[in-house]
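Enquirer: Structure provided below as structure tokens; questions to follow.
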Amino acid sequence: MKQRILLLFLLLALTSAVSAQNTKRSWDQGPLTWDDFTLLPSNRTGQSLLEYELGFVPVHDTIDGIKSYYHLATAYMIPGASWVTSNSRTPELLRYHQVIFDMLEVERRNLQRSLNSTDDPEEFREMLYASSDRLNTRVAEFRNLTNDGSDTTNLASVEQQVHQELSLLPAVYRPSYTPHPFGFISYFSLGASLPYGTMGQAFSPGLTIGYGFEILCKRHFLNLEAYLGELDARKDLALYGPNSSLLPTNLFVEKHAYRFITINAGYGFMLVDSPRIQLAPVAGVCLRSIGTLNKEAEHFYYDRFEPAVGLTFRLHFWRQNSFPQYSIFFGDKRISERESVSLHSKVILSYSSFPLLEGSPTGFNLLAQVGIAFGGRYQIVH
């Protein structure tokens, strides 16, 4: 029983020691006090020691309601590794350690400025090594100048210099974003093609699968999209050859399935381009191609160019700002993508006519699609 109790006390002591070592204190928590030096000074030489660490971490933050990613320089005083003897707790010695703590903060801010100048992880490490060497050299010179805090002759001048450096460097870094004119969107969708008029009497509605891509500039965009579907002929229709208006070369056979491809190219304008919703009318031209799926029949296509208008609606349900990167294409500026995933829906109305088909079916065709869109709006990061 006694062994178990002893083991329990040892585990508690070890846990407390590890916890003390892992405690960190940042500069923005206020000036140092002697209570921040928590390591017992047994078997130590000298009056005191302030331990610190300098580094950087990737940060996942929410800025303007959007998940954002960037690298943040960090600097901490480590209370569990810092100590002072009981008879050395003087205001002058605490002031000496505060200057070292201020030097640490200066170098943290300098490191942050360096991190903002590149997007190469290898350079991040080199920057950290350079900052650490620069800080350690400066602290060593200061300790030598003040005889480890015992000589306060030059303390005020160094303190003033460090305070001046702090005043010239921003204390907090949190990226801000300025939208760039350019962006992009791609989308996949499922839907149906619904013919009307005499064209609806010739062909049944058909299921469709589509893919599209948009290039944005401010609220304007150009889009290119393609839809693949299958429909049935509702009656036999003769397809006349281009060189003869009397002799049919093939037949659309009633109840047989036929493949059709619709390719749209158009221009659109975002009437609504809010953080959550996009609504845009689109106008352009579509190429409609209908061909046989029956392997036994003669292979043929029927192609038509048609005017088309449409309306696009998107609801963003996920957005994030990517890690900033430098881009020569954007004038060697730090660029981030405001990425988004959206519910995508679109309706396209086109006018169809088939003058080479028997009976010349004409009418409107409504293409209705629902799917998912992946997009990004480039942003300049400050």
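Identifiers for the structure tokens are assigned positionally: chains receive A, B, ... in sequence, residues are indexed from 1 per chain, and ligands are indexed from 1 in the order shown.
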Give me every alpha helix (DSSP H) residue in stretch 41-113 of chain A, going by DSSP on the backbone, as a list in words.
Expert: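 In stretch 41-113 of chain A, DSSP puts these residues in alpha helix (DSSP H): Pro91, Glu92, Leu93, Leu94, Arg95, Tyr96, His97, Gln98, Val99, Ile100, Phe101, Asp102, Met103, Leu104, Glu105, Val106, Glu107, Arg108, Arg109, Asn110, Leu111, Gln112 and Arg113 of chain A.
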Enquirer: Excluding A:Ile277 and its own-chain neighbours fewer than 5 positions away, which residues fall within 12 Å of it when counting only C-alpha atoms? Please give them as a list in words.
Expert: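 With the cut-off at 12 Å, the set is Met270, Leu271, Val272, Thr312, Phe313, Arg314, Leu315, His316, Phe317, Trp318, Ser340, Val341, Ser342, Leu343, His344 and Ser345 of chain A.
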Enquirer: Write the selection just made, keeping N, CA and C atoms, as an mmCIF file, in the first residue's frame?
Expert:
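So the final result, stored in out_26.cif, reads:
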data_model
loop_
_atom_site.group_PDB
_atom_site.id
_atom_site.type_symbol
_atom_site.label_atom_id
_atom_site.label_comp_id
_atom_site.auth_asym_id
_atom_site.auth_seq_id
_atom_site.Cartn_x
_atom_site.Cartn_y
_atom_site.Cartn_z
ATOM 1 N N MET A 270 -23.341 39.291 -62.623
ATOM 2 C CA MET A 270 -23.825 39.001 -61.272
ATOM 3 C C MET A 270 -24.726 40.135 -60.780
ATOM 4 N N LEU A 271 -26.019 39.890 -60.792
ATOM 5 C CA LEU A 271 -26.930 40.870 -60.191
ATOM 6 C C LEU A 271 -26.761 40.886 -58.678
ATOM 7 N N VAL A 272 -26.522 39.718 -58.098
ATOM 8 C CA VAL A 272 -26.266 39.589 -56.663
ATOM 9 C C VAL A 272 -24.976 38.798 -56.507
ATOM 10 N N THR A 312 -28.616 31.769 -63.395
ATOM 11 C CA THR A 312 -27.812 30.956 -62.487
ATOM 12 C C THR A 312 -28.013 31.428 -61.054
ATOM 13 N N PHE A 313 -28.192 30.475 -60.160
ATOM 14 C CA PHE A 313 -28.321 30.797 -58.731
ATOM 15 C C PHE A 313 -27.396 29.871 -57.952
ATOM 16 N N ARG A 314 -26.643 30.451 -56.996
ATOM 17 C CA ARG A 314 -25.768 29.658 -56.141
ATOM 18 C C ARG A 314 -25.907 30.100 -54.692
ATOM 19 N N LEU A 315 -25.867 29.132 -53.804
ATOM 20 C CA LEU A 315 -25.888 29.377 -52.363
ATOM 21 C C LEU A 315 -24.612 28.790 -51.772
ATOM 22 N N HIS A 316 -23.727 29.651 -51.248
ATOM 23 C CA HIS A 316 -22.461 29.192 -50.668
ATOM 24 C C HIS A 316 -22.734 28.600 -49.281
ATOM 25 N N PHE A 317 -22.330 27.357 -49.095
ATOM 26 C CA PHE A 317 -22.483 26.764 -47.762
ATOM 27 C C PHE A 317 -21.150 26.447 -47.106
ATOM 28 N N TRP A 318 -20.027 26.715 -47.787
ATOM 29 C CA TRP A 318 -18.697 26.526 -47.191
ATOM 30 C C TRP A 318 -17.728 27.478 -47.861
ATOM 31 N N SER A 340 -14.818 28.454 -52.177
ATOM 32 C CA SER A 340 -16.199 28.241 -51.771
ATOM 33 C C SER A 340 -16.745 26.973 -52.415
ATOM 34 N N VAL A 341 -17.654 26.347 -51.712
ATOM 35 C CA VAL A 341 -18.435 25.231 -52.249
ATOM 36 C C VAL A 341 -19.894 25.645 -52.143
ATOM 37 N N SER A 342 -20.632 25.490 -53.243
ATOM 38 C CA SER A 342 -21.968 26.077 -53.319
ATOM 39 C C SER A 342 -22.969 25.090 -53.891
ATOM 40 N N LEU A 343 -24.213 25.273 -53.483
ATOM 41 C CA LEU A 343 -25.333 24.625 -54.160
ATOM 42 C C LEU A 343 -25.592 25.387 -55.446
ATOM 43 N N HIS A 344 -25.561 24.695 -56.569
ATOM 44 C CA HIS A 344 -25.641 25.333 -57.884
ATOM 45 C C HIS A 344 -26.936 24.925 -58.575
ATOM 46 N N SER A 345 -27.634 25.893 -59.131
ATOM 47 C CA SER A 345 -28.821 25.602 -59.941
ATOM 48 C C SER A 345 -28.852 26.550 -61.133
#
Enquirer: Can you check which parts of stretch 186-209 of chain A lie within 7 Å of stretch 229-238 of chain A? Per residue, the shortest pair of atoms and distance in Å to one decimal, counting only C-alpha atoms, sorted by chain and number, as a tab-separated table.
Expert:
residue	atom	partner	partner_atom	distance
A:Gln201	CA	A:Arg234	CA	6.6
A:Ala202	CA	A:Arg234	CA	5.1
A:Phe203	CA	A:Ala233	CA	4.6
A:Ser204	CA	A:Asp232	CA	5.4
A:Pro205	CA	A:Leu231	CA	6.1
A:Gly206	CA	A:Leu231	CA	4.4
A:Leu207	CA	A:Gly229	CA	5.4
A:Thr208	CA	A:Gly229	CA	4.2
A:Ile209	CA	A:Gly229	CA	6.4
Enquirer: Near stretch 134-144 of chain A, counting only C-alpha atoms, which residues have an atom at most 10 Å away, once you skip same-chain residues fewer than 5 positions from it, shown as a VMD selection string?
Expert: chain A and resid 54 96 to 97 99 to 101 103 to 108 128 to 129 149 to 151 154 to 155 158
Enquirer: I need the residues from that last selection saved to file as a compact mmCIF listing (two decimals), in the first residue's frame (with C-alpha atoms), if you can.
Expert:
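Output file again.txt follows:
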# COMPACT_ATOMS: atom_id res chain seq x y z
CA LEU A 54 10.85 31.99 -30.54
CA TYR A 96 16.86 44.11 -16.68
CA HIS A 97 14.84 40.97 -17.47
CA VAL A 99 14.40 44.57 -21.40
CA ILE A 100 15.34 41.04 -22.50
CA PHE A 101 11.64 40.21 -22.72
CA MET A 103 13.99 42.29 -27.13
CA LEU A 104 12.23 38.94 -27.59
CA GLU A 105 9.06 40.76 -28.63
CA VAL A 106 10.97 42.97 -31.08
CA GLU A 107 12.42 39.89 -32.76
CA ARG A 108 9.01 38.22 -32.87
CA LEU A 128 13.52 31.47 -37.77
CA TYR A 129 17.14 30.37 -37.43
CA GLY A 149 21.98 42.79 -14.65
CA SER A 150 24.39 43.83 -11.89
CA ASP A 151 25.58 46.99 -13.68
CA ASN A 154 23.65 51.46 -19.62
CA LEU A 155 20.28 49.93 -18.78
CA VAL A 158 19.21 50.12 -24.09
Enquirer: Would you pick out the contacts of A:Arg113 at 12 Å or less, using only C-alpha atoms, so that residues sharing its chain but fewer than 4 positions from it are not included, and give the list as a PDB file with N, CA and C atoms, in the first residue's frame?
Expert:
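To be explicit, this is the file written out as selection-v3.pdb:
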ATOM      1  N   PHE A  56       7.170  29.921 -34.908  1.00  0.00           N
ATOM      2  CA  PHE A  56       5.997  30.304 -35.690  1.00  0.00           C
ATOM      3  C   PHE A  56       5.077  29.093 -35.800  1.00  0.00           C
ATOM      4  N   HIS A  71       0.445  32.120 -41.303  1.00  0.00           N
ATOM      5  CA  HIS A  71       1.504  31.761 -40.364  1.00  0.00           C
ATOM      6  C   HIS A  71       1.733  32.923 -39.393  1.00  0.00           C
ATOM      7  N   LEU A  72       1.854  32.586 -38.125  1.00  0.00           N
ATOM      8  CA  LEU A  72       1.989  33.591 -37.078  1.00  0.00           C
ATOM      9  C   LEU A  72       3.270  33.345 -36.292  1.00  0.00           C
ATOM     10  N   ALA A  73       4.075  34.411 -36.146  1.00  0.00           N
ATOM     11  CA  ALA A  73       5.277  34.329 -35.316  1.00  0.00           C
ATOM     12  C   ALA A  73       4.877  34.316 -33.843  1.00  0.00           C
ATOM     13  N   VAL A 106      10.505  42.293 -29.873  1.00  0.00           N
ATOM     14  CA  VAL A 106      10.972  42.970 -31.082  1.00  0.00           C
ATOM     15  C   VAL A 106      11.312  41.945 -32.162  1.00  0.00           C
ATOM     16  N   GLU A 107      12.021  40.895 -31.776  1.00  0.00           N
ATOM     17  CA  GLU A 107      12.423  39.894 -32.762  1.00  0.00           C
ATOM     18  C   GLU A 107      11.218  39.094 -33.257  1.00  0.00           C
ATOM     19  N   ARG A 108      10.229  38.891 -32.415  1.00  0.00           N
ATOM     20  CA  ARG A 108       9.007  38.218 -32.872  1.00  0.00           C
ATOM     21  C   ARG A 108       8.324  39.037 -33.957  1.00  0.00           C
ATOM     22  N   ARG A 109       8.247  40.339 -33.760  1.00  0.00           N
ATOM     23  CA  ARG A 109       7.603  41.192 -34.753  1.00  0.00           C
ATOM     24  C   ARG A 109       8.419  41.245 -36.045  1.00  0.00           C
ATOM     25  N   SER A 117       6.819  37.839 -46.120  1.00  0.00           N
ATOM     26  CA  SER A 117       7.506  38.180 -47.364  1.00  0.00           C
ATOM     27  C   SER A 117       7.702  36.986 -48.289  1.00  0.00           C
ATOM     28  N   THR A 118       7.261  35.790 -47.876  1.00  0.00           N
ATOM     29  CA  THR A 118       7.460  34.612 -48.710  1.00  0.00           C
ATOM     30  C   THR A 118       6.394  33.579 -48.387  1.00  0.00           C
ATOM     31  N   PHE A 124      10.918  29.778 -44.328  1.00  0.00           N
ATOM     32  CA  PHE A 124      10.413  30.018 -42.974  1.00  0.00           C
ATOM     33  C   PHE A 124      11.421  29.538 -41.938  1.00  0.00           C
ATOM     34  N   MET A 127      14.460  31.729 -41.854  1.00  0.00           N
ATOM     35  CA  MET A 127      14.145  32.997 -41.190  1.00  0.00           C
ATOM     36  C   MET A 127      14.128  32.830 -39.671  1.00  0.00           C
ATOM     37  N   LEU A 128      13.569  31.709 -39.208  1.00  0.00           N
ATOM     38  CA  LEU A 128      13.517  31.468 -37.765  1.00  0.00           C
ATOM     39  C   LEU A 128      14.922  31.301 -37.205  1.00  0.00           C
ATOM     40  N   SER A 131      16.518  34.715 -37.045  1.00  0.00           N
ATOM     41  CA  SER A 131      15.959  35.529 -35.954  1.00  0.00           C
ATOM     42  C   SER A 131      16.468  35.061 -34.600  1.00  0.00           C
ATOM     43  N   LEU A 169       7.092  48.810 -34.872  1.00  0.00           N
ATOM     44  CA  LEU A 169       6.648  47.528 -35.425  1.00  0.00           C
ATOM     45  C   LEU A 169       5.234  47.222 -34.950  1.00  0.00           C
ATOM     46  N   PRO A 170       4.358  46.776 -35.841  1.00  0.00           N
ATOM     47  CA  PRO A 170       2.990  46.437 -35.421  1.00  0.00           C
ATOM     48  C   PRO A 170       2.986  45.258 -34.458  1.00  0.00           C
ATOM     49  N   ALA A 171       2.193  45.383 -33.402  1.00  0.00           N
ATOM     50  CA  ALA A 171       2.184  44.356 -32.361  1.00  0.00           C
ATOM     51  C   ALA A 171       1.404  43.118 -32.780  1.00  0.00           C
ATOM     52  N   VAL A 172       0.311  43.309 -33.506  1.00  0.00           N
ATOM     53  CA  VAL A 172      -0.588  42.202 -33.845  1.00  0.00           C
ATOM     54  C   VAL A 172      -0.659  42.053 -35.349  1.00  0.00           C
ATOM     55  N   TYR A 173      -0.534  40.821 -35.818  1.00  0.00           N
ATOM     56  CA  TYR A 173      -0.735  40.565 -37.247  1.00  0.00           C
ATOM     57  C   TYR A 173      -1.972  39.702 -37.423  1.00  0.00           C
ATOM     58  N   ARG A 174      -2.888  40.209 -38.221  1.00  0.00           N
ATOM     59  CA  ARG A 174      -4.057  39.451 -38.635  1.00  0.00           C
ATOM     60  C   ARG A 174      -4.332  39.881 -40.071  1.00  0.00           C
ATOM     61  N   PRO A 175      -4.276  38.962 -41.029  1.00  0.00           N
ATOM     62  CA  PRO A 175      -4.378  39.379 -42.430  1.00  0.00           C
ATOM     63  C   PRO A 175      -5.714  40.015 -42.753  1.00  0.00           C
ATOM     64  N   HIS A 382      -2.969  41.585 -47.035  1.00  0.00           N
ATOM     65  CA  HIS A 382      -2.172  42.645 -46.410  1.00  0.00           C
ATOM     66  C   HIS A 382      -1.764  42.215 -45.002  1.00  0.00           C
TER      67      HIS A 382
END
